[in-house]
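A short worksheet on the structure shown next.
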Amino acid sequence: MNPMRLLPSTCLLLAGSLILPSPCVSAALQPTGRKPQTTVFVHLDRPGKPISPDLVGIFFEDINYAADGGLYAELVQNRSFEYSAVERNDWGPLTGWEEVSRGGARGSLKITDAVPLHPNNPHYIVIETFEAGAGFGLVNRGFDGIPVRAGDQYDFGIFARQLFTGNRWGGSGRLEGPARLQVRLESAAGESLAEAELEVSGREWGRRVTTLTAGRSEDAARLVVLSLTRGGVAVDEVSLFPRKTFRNRPNGLRADLAQAIADLKPKFVRFPGGCLVHGYGLGNLYRWRDTVGPVEQRRGQPNIWGYHQSVGLGYFEYFQFCEDIGAKPLPVVAAGVCCQNADHQGGTGQRGLSLEEMPAYLQEVLDLIEWANGPPTSKWGSVRAAAGHPAPFNLQFLGVGNEDHITPVFRERFRMIFDALRKKHPEITVIGTVGPFPDGEDFDNGWKFANELRIPMVDEHYYKSPQWFWDNLERYDRYDRAGAKVYVGEYAAHDDRRRSTLRSALAEAAFLTGLERNGDVVPFASYAPLLGKRGFTQWNPNLIYFSNTQVAPTINYYVQQLFSRHAGDLWFPTTVREGAAAGEAPGGSGGIFLGTWNTQAEFDDVRVSRGSNELFRDIFEAPASHWQAESGAWTVADGTYRQTGKAQPALSRLAGFTGGEQYTLTLRARKTGGAEGFLIGFRARDKDNYYWWNLGGWNNTRDAVEKSVNGARSLAGSDRPGRIELNRWYDIRVEFDAGRIRCFLDGALRHEFTDRGFGRGNDFAVSAVRDTRSGDVILKLVNGGGAAKPLSIEFSGAGDQAGSAVKTVLTAADPAAVNDFGNPHAVVPRTEIVSVGGTFDYEAPAYSLTVLRIKK
């Protein structure tokens with residue numbers, strides 16, 4: 001046995017694109033002094049399996065202000081005066097803008113649409129100045145402040161035209177000289193940071209530009225545009241960009257945020273969504289044609305996530321970014337249907353474009369491929385060339401649909417799109433959808449439809465607890481190699497309170513080892529969502545959090561980065577021989593509880609049986625001595641067990657009952673008030689580990705079984721639309737038999753699935769790949785347990801010659817550790833150079849991901 005030896009080296013701390021000196025983590029590299037309990041055999045002597053070298057990519061969706069106010073570097077909010085109450089009840093064209101009068105100036109502001117800059121950009125503002133004073137006009141504070149840095153340049157642009165000079169009424173109609181505008185960057189206190197003047201002359205729309213150089217830094221500056229002459233000026237598309245965008249591109253991306261994404265080394269980028277693609281109605285579908293060409297001619301629209309999308313970050317910018325970071329573009333278009341949750345309907349709002357509209361929509365999809373790949377002399381290739389990119393973008397993949405309900409309406413329209421693409425562009429790999437969950441009716445129907453059409457690849461999504469990912473390491477081992485490939489387009493481990501913990505990151509790392517092992521059937525995978533702006537999130541967790549001045553990668557970010565930077569294209573079999581078998585987790589099982597969520601209810605005739613044997617029954621004719629109320633207001637009244645509080649949740653447990661791994665629970669329940677329905681708890685081990693059947697959950701729109709592991713809840717099985725009516729008695733039955741769970745409401749089967757429960761399960765995962773370009777062998781070890789794991793690692797067929805390796809470890813003592821704005825580098829990878837032999841000992845730290853990159 002050749003122990004791993006330290007080479008003289010400098011240890012490194014990887015932090016985004018920075019490499020900073022840090023203390024070595026060397027204890028784990030020393031001989032343990034005891035026989036390792038686990039042996040990892042890496043079979044280099046066996047033929048390797050070719051796998052996708054492009055496994056780890058990113059999914060960008062404009063959620064959590066990821067685009068406007070985020071990655072898109074525009075600093076002015078509502079630059080085109082197109083915000084509306086459709087996006088938020090209190091929004092309108094002047095949202096983000098304030099009137100300002102200085103030095104006795106007087107005037108008025110008016111939103112109008114009489115002579116727009118472009119039909120896609122209908123609203124603009126008229127600044128009418130009665131008395132010029134020291135200036136009358138507008139203030140914009142950007143997206144919660146405009147960050148500027150001393151010495152940096154900022155490019156200001158505005159579309160404007162003169163309406164009149166002097167007095168609006170009674171004049172000659174002639175323009176008596178140009179209108180003068182002053183542009184200022186100011187501190188919150190009104191101090192000038194930079195300023196310039198512009199002239200506007202003539203009645204036709206024209207763009208005026210100037211450059212502002214900040215005199216000092218300010219995190220929350222404001223932009224001021226002042227009219228210095230009497231008269232009227234029409235203004236639109238008021239823009240301010242930092243000169244320093246990513247790759248210094250005009251209409252570009254925020255440099256630090258784009259660099260954090262680039263540092264992931266993603267192999268592909270999926271965009272622009274997500275739910276954003278199919279929108280909240282047919283009029284809200286994301287139409288790629290509306291996002292290319294001059295920005296002032298693009299059509300912004302409401303964002304399904306509750307704000308506005310200017311589409312300044314449009315298809316050209318997405319494709320350009322992909323090229324800049326060396327990633328393959330993977331755009332997604334709607335499948336001719338809108339979201340099933342559209343029109344404020346929970347799962348029943350899907351609508352399809354009419355069959356009369358579909359030919360035009362098919363052409364729109366085909367035109368996208370011409371725009372991306374066609375010669376610059378073609379109709380749509382010329383639009384790309386006019387934007388500054390005459391060369392094709394080499395589009396290879398196209399997603400059609402996202403998490404759609406697999407209805408006849410969907411199937412008919414998807415088939416039309418798929419057939420058109422297959423006929424006109426067989427070189428394009430079409431990626432279909434199999435619904436929003438990793439199982440259930442849409443998943444099954446989606447796969448059946450995919451097999452029927454022979455779709456080359458489908459998109460699976462799952463947001464689950466960390467334990468689910470550990471439990472599903474072998475999910476793709478059994479997939480048909482002759483069937484459709486799988487793109488895992490959206491996934492994330494949702495831990496307690498949806499925080500981005502080390503525990504969640506390691507669960508994702510373990511799952512990625514399974515995806516590497518199945519890289520012949522899973523070519524792509526992307527965490528979701530990518531970005532979340534501090535104070536403006538609609539969804540958590542996210543891979544990268546940011547503010548106007550900070551970028552805070554999560555621990556999960558570093559997992560994605562390590563797997564992407566250390567990808568391989570040849571997978572080697574591994575064997576793990578445990579010294580001690582993993583047993584069942586301690587603690588009782590089979591506990592039962594009743595509950596509600598901000599709802600009042602009555603329960604009656606609770607029975608637990610096993611076969612013909614009745615284990616427990618309560619008809620509540622006496623005080624509920626068997627029940628232990630943990631929250632809410634529980635009493636026995638009128639022969640029922642009544643909950644009258646508003647707790648979230650209100651729970652009462654059946655004290656001292658452990659039904660084991662097989663029983664049937666039946667009861668009657670009636671809702672008497674409140675917002676939702678019932679919580680029927682079963683298979684409970686303790687307050688943090690249990691199942692509950694959530695009837696009428698999510699504001700009384702859905703039924704689902706949820707599983708809580710260490711306090712983090714996620715769906716077990718799939719959900720279904722469901723509603724609990726007021727003052728109606730329901731018959732409820734839950735059958736539980738050694739992991740098989742069946743749930744009945746009024747005699748109708750609502751859910752059926754199998755789940756392994758709370759056994760110890762997996763807490764160790766391994767993957768070995770080769771990067772054939774460099775010849776390096778890359779070994780990834782994930783220890784999700786709370787104790788260090790002594791290992792003996794043996795490379796079969798490698799001989800006993802020593803070689804060098806780069807060892808990178810991501811670990812912390814607390815599995816609940818997070819990176820946040822207060823401590824963005826709390827948990828980051830640490831790297832050192834080591835030497836290894838064909839066999840060596842290594843102790844994987846508790847709660848750790850280790851990557852060993854062994855030189856050829």
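FYI, nothing fancy with the structure tokens labels: chains A, B, ... in order, residues from 1 per chain, ligands from 1 as they appear.
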
Practice task
Mind checking which residues fall within 7 Å of region 143-157 of chain A, counting only C-alpha atoms, ignoring those fewer than 6 positions away in the same chain, and posting them as a PyMOL selection string?
Solution key: chain A and resi 69+75+77+207-222+238-243+548-549

What lies within 7 Å of region 851-853 of chain A using only C-alpha atoms, ignoring chain neighbours under 3 positions off, as a short mmCIF file (atom, residue, chain, number, x, y, z; two decimals) with N, CA, C and O atoms, in the first residue's frame?
```
data_model
loop_
_atom_site.label_atom_id
_atom_site.label_comp_id
_atom_site.auth_asym_id
_atom_site.auth_seq_id
_atom_site.Cartn_x
_atom_site.Cartn_y
_atom_site.Cartn_z
N ASP A 776 -5.73 12.72 -18.57
CA ASP A 776 -5.90 12.68 -17.11
C ASP A 776 -7.05 11.76 -16.73
O ASP A 776 -8.09 11.69 -17.41
N VAL A 777 -6.86 11.07 -15.60
CA VAL A 777 -7.95 10.33 -14.96
C VAL A 777 -8.46 11.18 -13.81
O VAL A 777 -7.67 11.73 -13.03
N ILE A 778 -9.79 11.29 -13.71
CA ILE A 778 -10.41 12.17 -12.71
C ILE A 778 -11.30 11.32 -11.81
O ILE A 778 -12.24 10.68 -12.29
N LEU A 779 -11.00 11.32 -10.54
CA LEU A 779 -11.77 10.55 -9.56
C LEU A 779 -12.51 11.53 -8.66
O LEU A 779 -11.91 12.44 -8.07
N LYS A 780 -13.84 11.35 -8.56
CA LYS A 780 -14.66 12.20 -7.71
C LYS A 780 -15.23 11.35 -6.59
O LYS A 780 -15.82 10.29 -6.83
N LEU A 781 -15.10 11.83 -5.36
CA LEU A 781 -15.55 11.11 -4.16
C LEU A 781 -16.45 12.04 -3.36
O LEU A 781 -16.05 13.16 -3.02
N ALA A 805 -0.96 14.44 -8.88
CA ALA A 805 -2.39 14.68 -8.98
C ALA A 805 -2.72 16.04 -8.38
O ALA A 805 -2.00 16.55 -7.51
N VAL A 806 -3.81 16.62 -8.85
CA VAL A 806 -4.35 17.83 -8.25
C VAL A 806 -5.55 17.41 -7.42
O VAL A 806 -6.50 16.81 -7.93
N LYS A 807 -5.48 17.69 -6.15
CA LYS A 807 -6.56 17.32 -5.23
C LYS A 807 -7.33 18.57 -4.84
O LYS A 807 -6.75 19.56 -4.37
N THR A 808 -8.65 18.55 -5.05
CA THR A 808 -9.52 19.67 -4.67
C THR A 808 -10.59 19.15 -3.74
O THR A 808 -11.25 18.15 -4.04
N VAL A 809 -10.77 19.83 -2.62
CA VAL A 809 -11.74 19.40 -1.61
C VAL A 809 -12.69 20.55 -1.29
O VAL A 809 -12.25 21.69 -1.07
#
```

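Here the question is which of A:Leu745, A:Val766, A:Val200, A:Val430 gets nearest to Ala844 (chain A) using only C-alpha atoms, and that residue is A:Val766.
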
I'd like the neighbourhood of Gly374 (chain A) as a PDB file with C-alpha atoms, in the first residue's frame, where a residue qualifies if any of its atoms comes within 12 Å (using only C-alpha atoms), though same-chain residues fewer than 4 positions away should be ignored.
```
ATOM      1  CA  LEU A 366     -37.891  27.337 -38.923  1.00  0.00           C
ATOM      2  CA  ASP A 367     -36.824  30.971 -39.344  1.00  0.00           C
ATOM      3  CA  LEU A 368     -34.960  30.744 -36.037  1.00  0.00           C
ATOM      4  CA  ILE A 369     -32.667  28.107 -37.498  1.00  0.00           C
ATOM      5  CA  GLU A 370     -32.096  30.233 -40.592  1.00  0.00           C
ATOM      6  CA  SER A 378     -30.576  34.716 -46.509  1.00  0.00           C
ATOM      7  CA  LYS A 379     -33.582  36.639 -45.190  1.00  0.00           C
ATOM      8  CA  TRP A 380     -32.983  35.937 -41.518  1.00  0.00           C
ATOM      9  CA  GLY A 381     -29.238  35.354 -41.773  1.00  0.00           C
ATOM     10  CA  SER A 382     -29.014  38.957 -42.982  1.00  0.00           C
ATOM     11  CA  VAL A 383     -30.665  40.121 -39.732  1.00  0.00           C
ATOM     12  CA  ARG A 384     -27.948  38.303 -37.786  1.00  0.00           C
ATOM     13  CA  ALA A 385     -25.265  39.752 -40.024  1.00  0.00           C
ATOM     14  CA  HIS A 389     -22.239  38.514 -36.788  1.00  0.00           C
ATOM     15  CA  PRO A 390     -22.106  37.396 -40.432  1.00  0.00           C
ATOM     16  CA  ALA A 391     -20.762  33.946 -39.510  1.00  0.00           C
ATOM     17  CA  PRO A 392     -23.328  31.303 -38.462  1.00  0.00           C
ATOM     18  CA  PHE A 393     -23.750  30.471 -34.779  1.00  0.00           C
ATOM     19  CA  ASN A 394     -23.701  26.691 -35.407  1.00  0.00           C
ATOM     20  CA  LEU A 395     -26.973  25.875 -33.670  1.00  0.00           C
ATOM     21  CA  HIS A 425     -33.709  20.557 -40.628  1.00  0.00           C
TER      22      HIS A 425
END
```

Handout entry: Secondary structure check, strand (DSSP E) residues of region 599-764 of chain A, as a count of residues only
Key = 101

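Counting only C-alpha atoms, Gly645 (chain A) has the following residues at most 12 Å away, ignoring those fewer than 5 positions along the same chain: Gly595, Thr596, Trp597, Asn598, Thr599, Gln600, Ala601, Glu602, Ala629, Ser631, Gly632, Ala633, Trp634, Thr635, Ala650, Leu651, Thr672, Gly673 and Gly674 of chain A.
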
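Among the candidates A:Arg670, A:His626, A:His43, A:Arg702, the one nearest to Arg642 (chain A) when counting only C-alpha atoms is A:Arg670.
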
Practice task
Would you mind listing what lies within 10 Å of Gly535 (chain A) as JSON, numbers by chain, with only C-alpha atoms counted and same-chain residues fewer than 2 positions away left out?
Solution key: {"A": [64, 65, 144, 532, 533, 537, 538, 546, 547]}

Practice task
Please give the complete set of residues from region 441-640 of chain A that DSSP, run on the backbone, assigns to helix (DSSP H, G or I), formatted as JSON, numbers by chain.
Solution key: {"A": [441, 442, 443, 444, 445, 446, 447, 448, 449, 450, 451, 452, 453, 466, 467, 468, 469, 470, 471, 475, 476, 477, 478, 496, 497, 498, 502, 503, 504, 505, 506, 507, 508, 509, 510, 511, 512, 513, 514, 515, 516, 517, 555, 556, 557, 558, 559, 560, 561, 562, 563, 564, 565]}

Grab the residues selected above and save them as a compact mmCIF listing (two decimals), in the first residue's frame with N, CA and C atoms.
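See selection-v6.txt below for the written result:
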```
# COMPACT_ATOMS: atom_id res chain seq x y z
N GLU A 441 -48.38 11.32 -14.07
CA GLU A 441 -49.14 11.16 -15.30
C GLU A 441 -48.49 11.87 -16.49
N ASP A 442 -48.10 13.15 -16.32
CA ASP A 442 -47.47 13.85 -17.43
C ASP A 442 -46.14 13.21 -17.81
N PHE A 443 -45.40 12.76 -16.82
CA PHE A 443 -44.12 12.11 -17.09
C PHE A 443 -44.33 10.83 -17.91
N ASP A 444 -45.26 10.01 -17.47
CA ASP A 444 -45.52 8.75 -18.19
C ASP A 444 -46.05 9.02 -19.59
N ASN A 445 -47.00 9.95 -19.70
CA ASN A 445 -47.57 10.26 -21.02
C ASN A 445 -46.55 10.93 -21.93
N GLY A 446 -45.68 11.77 -21.33
CA GLY A 446 -44.65 12.42 -22.12
C GLY A 446 -43.66 11.43 -22.70
N TRP A 447 -43.26 10.44 -21.90
CA TRP A 447 -42.34 9.43 -22.39
C TRP A 447 -43.00 8.54 -23.44
N LYS A 448 -44.26 8.22 -23.22
CA LYS A 448 -44.97 7.42 -24.22
C LYS A 448 -45.04 8.16 -25.55
N PHE A 449 -45.33 9.46 -25.49
CA PHE A 449 -45.41 10.28 -26.69
C PHE A 449 -44.04 10.40 -27.35
N ALA A 450 -42.99 10.58 -26.54
CA ALA A 450 -41.64 10.68 -27.09
C ALA A 450 -41.23 9.41 -27.81
N ASN A 451 -41.56 8.27 -27.24
CA ASN A 451 -41.23 7.00 -27.89
C ASN A 451 -42.03 6.81 -29.17
N GLU A 452 -43.28 7.26 -29.15
CA GLU A 452 -44.12 7.14 -30.34
C GLU A 452 -43.54 7.95 -31.49
N LEU A 453 -43.08 9.18 -31.22
CA LEU A 453 -42.54 10.05 -32.26
C LEU A 453 -41.06 9.81 -32.52
N PRO A 466 -32.60 16.88 -0.53
CA PRO A 466 -31.29 16.24 -0.68
C PRO A 466 -31.36 14.71 -0.61
N GLN A 467 -32.20 14.19 0.26
CA GLN A 467 -32.28 12.74 0.39
C GLN A 467 -32.77 12.09 -0.90
N TRP A 468 -33.68 12.76 -1.62
CA TRP A 468 -34.18 12.20 -2.88
C TRP A 468 -33.03 11.97 -3.85
N PHE A 469 -32.12 12.93 -3.90
CA PHE A 469 -31.00 12.78 -4.83
C PHE A 469 -30.10 11.62 -4.43
N TRP A 470 -29.86 11.45 -3.14
CA TRP A 470 -29.10 10.27 -2.69
C TRP A 470 -29.84 8.98 -3.01
N ASP A 471 -31.15 9.01 -2.85
CA ASP A 471 -31.93 7.81 -3.09
C ASP A 471 -32.03 7.45 -4.57
N ARG A 475 -30.89 6.21 -10.83
CA ARG A 475 -32.10 6.46 -11.62
C ARG A 475 -31.91 6.09 -13.09
N TYR A 476 -30.80 6.45 -13.68
CA TYR A 476 -30.64 6.26 -15.12
C TYR A 476 -29.91 4.97 -15.48
N ASP A 477 -29.53 4.19 -14.47
CA ASP A 477 -28.88 2.90 -14.77
C ASP A 477 -29.80 2.00 -15.58
N ARG A 478 -31.11 2.14 -15.37
CA ARG A 478 -32.06 1.22 -15.99
C ARG A 478 -32.73 1.81 -17.23
N ASP A 496 -33.78 22.46 3.92
CA ASP A 496 -34.62 23.16 4.88
C ASP A 496 -34.66 24.65 4.56
N ARG A 497 -35.86 25.20 4.48
CA ARG A 497 -36.10 26.62 4.18
C ARG A 497 -35.51 27.03 2.83
N ARG A 498 -35.36 26.05 1.96
CA ARG A 498 -34.88 26.30 0.59
C ARG A 498 -33.55 27.04 0.60
N LEU A 502 -24.46 23.23 2.32
CA LEU A 502 -23.48 22.22 1.93
C LEU A 502 -24.16 20.87 1.74
N ARG A 503 -25.13 20.55 2.59
CA ARG A 503 -25.85 19.28 2.45
C ARG A 503 -26.52 19.16 1.08
N SER A 504 -27.16 20.24 0.64
CA SER A 504 -27.80 20.19 -0.67
C SER A 504 -26.77 20.09 -1.78
N ALA A 505 -25.66 20.79 -1.65
CA ALA A 505 -24.61 20.75 -2.68
C ALA A 505 -24.02 19.36 -2.81
N LEU A 506 -23.79 18.69 -1.69
CA LEU A 506 -23.21 17.35 -1.75
C LEU A 506 -24.21 16.34 -2.32
N ALA A 507 -25.50 16.54 -2.05
CA ALA A 507 -26.51 15.66 -2.67
C ALA A 507 -26.48 15.81 -4.19
N GLU A 508 -26.32 17.05 -4.65
CA GLU A 508 -26.23 17.27 -6.10
C GLU A 508 -24.94 16.70 -6.67
N ALA A 509 -23.86 16.80 -5.90
CA ALA A 509 -22.59 16.22 -6.35
C ALA A 509 -22.72 14.70 -6.48
N ALA A 510 -23.34 14.08 -5.49
CA ALA A 510 -23.53 12.63 -5.55
C ALA A 510 -24.36 12.26 -6.78
N PHE A 511 -25.42 13.03 -7.02
CA PHE A 511 -26.28 12.75 -8.17
C PHE A 511 -25.51 12.92 -9.48
N LEU A 512 -24.62 13.91 -9.53
CA LEU A 512 -23.82 14.11 -10.73
C LEU A 512 -22.89 12.94 -11.01
N THR A 513 -22.44 12.24 -9.95
CA THR A 513 -21.64 11.04 -10.22
C THR A 513 -22.48 9.99 -10.94
N GLY A 514 -23.77 9.92 -10.59
CA GLY A 514 -24.66 9.00 -11.30
C GLY A 514 -24.91 9.44 -12.73
N LEU A 515 -24.98 10.76 -12.95
CA LEU A 515 -25.15 11.25 -14.32
C LEU A 515 -23.90 10.99 -15.14
N GLU A 516 -22.72 11.13 -14.54
CA GLU A 516 -21.50 10.79 -15.27
C GLU A 516 -21.50 9.31 -15.65
N ARG A 517 -21.89 8.47 -14.71
CA ARG A 517 -21.92 7.03 -14.98
C ARG A 517 -22.87 6.72 -16.13
N ILE A 555 -22.45 27.38 -2.39
CA ILE A 555 -21.62 26.17 -2.35
C ILE A 555 -21.99 25.28 -3.54
N ASN A 556 -23.26 25.26 -3.90
CA ASN A 556 -23.72 24.46 -5.04
C ASN A 556 -23.04 24.90 -6.32
N TYR A 557 -22.73 26.19 -6.43
CA TYR A 557 -22.00 26.72 -7.59
C TYR A 557 -20.67 26.00 -7.76
N TYR A 558 -19.96 25.81 -6.64
CA TYR A 558 -18.64 25.19 -6.74
C TYR A 558 -18.73 23.72 -7.11
N VAL A 559 -19.81 23.06 -6.72
CA VAL A 559 -20.02 21.69 -7.18
C VAL A 559 -20.15 21.66 -8.70
N GLN A 560 -20.99 22.54 -9.23
CA GLN A 560 -21.16 22.59 -10.68
C GLN A 560 -19.84 22.92 -11.37
N GLN A 561 -19.10 23.85 -10.80
CA GLN A 561 -17.82 24.25 -11.38
C GLN A 561 -16.82 23.10 -11.40
N LEU A 562 -16.75 22.36 -10.30
CA LEU A 562 -15.79 21.26 -10.23
C LEU A 562 -16.13 20.15 -11.21
N PHE A 563 -17.42 19.84 -11.35
CA PHE A 563 -17.79 18.79 -12.30
C PHE A 563 -17.61 19.25 -13.73
N SER A 564 -17.83 20.54 -13.99
CA SER A 564 -17.66 21.04 -15.35
C SER A 564 -16.19 21.13 -15.73
N ARG A 565 -15.38 21.67 -14.84
CA ARG A 565 -13.95 21.82 -15.14
C ARG A 565 -13.22 20.48 -15.16
```

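With only C-alpha atoms as the atoms that count, the residue of A:Asp604, A:Asp731, A:Asp113, A:Glu661 with the shortest distance to Gln643 (chain A) is A:Asp604.
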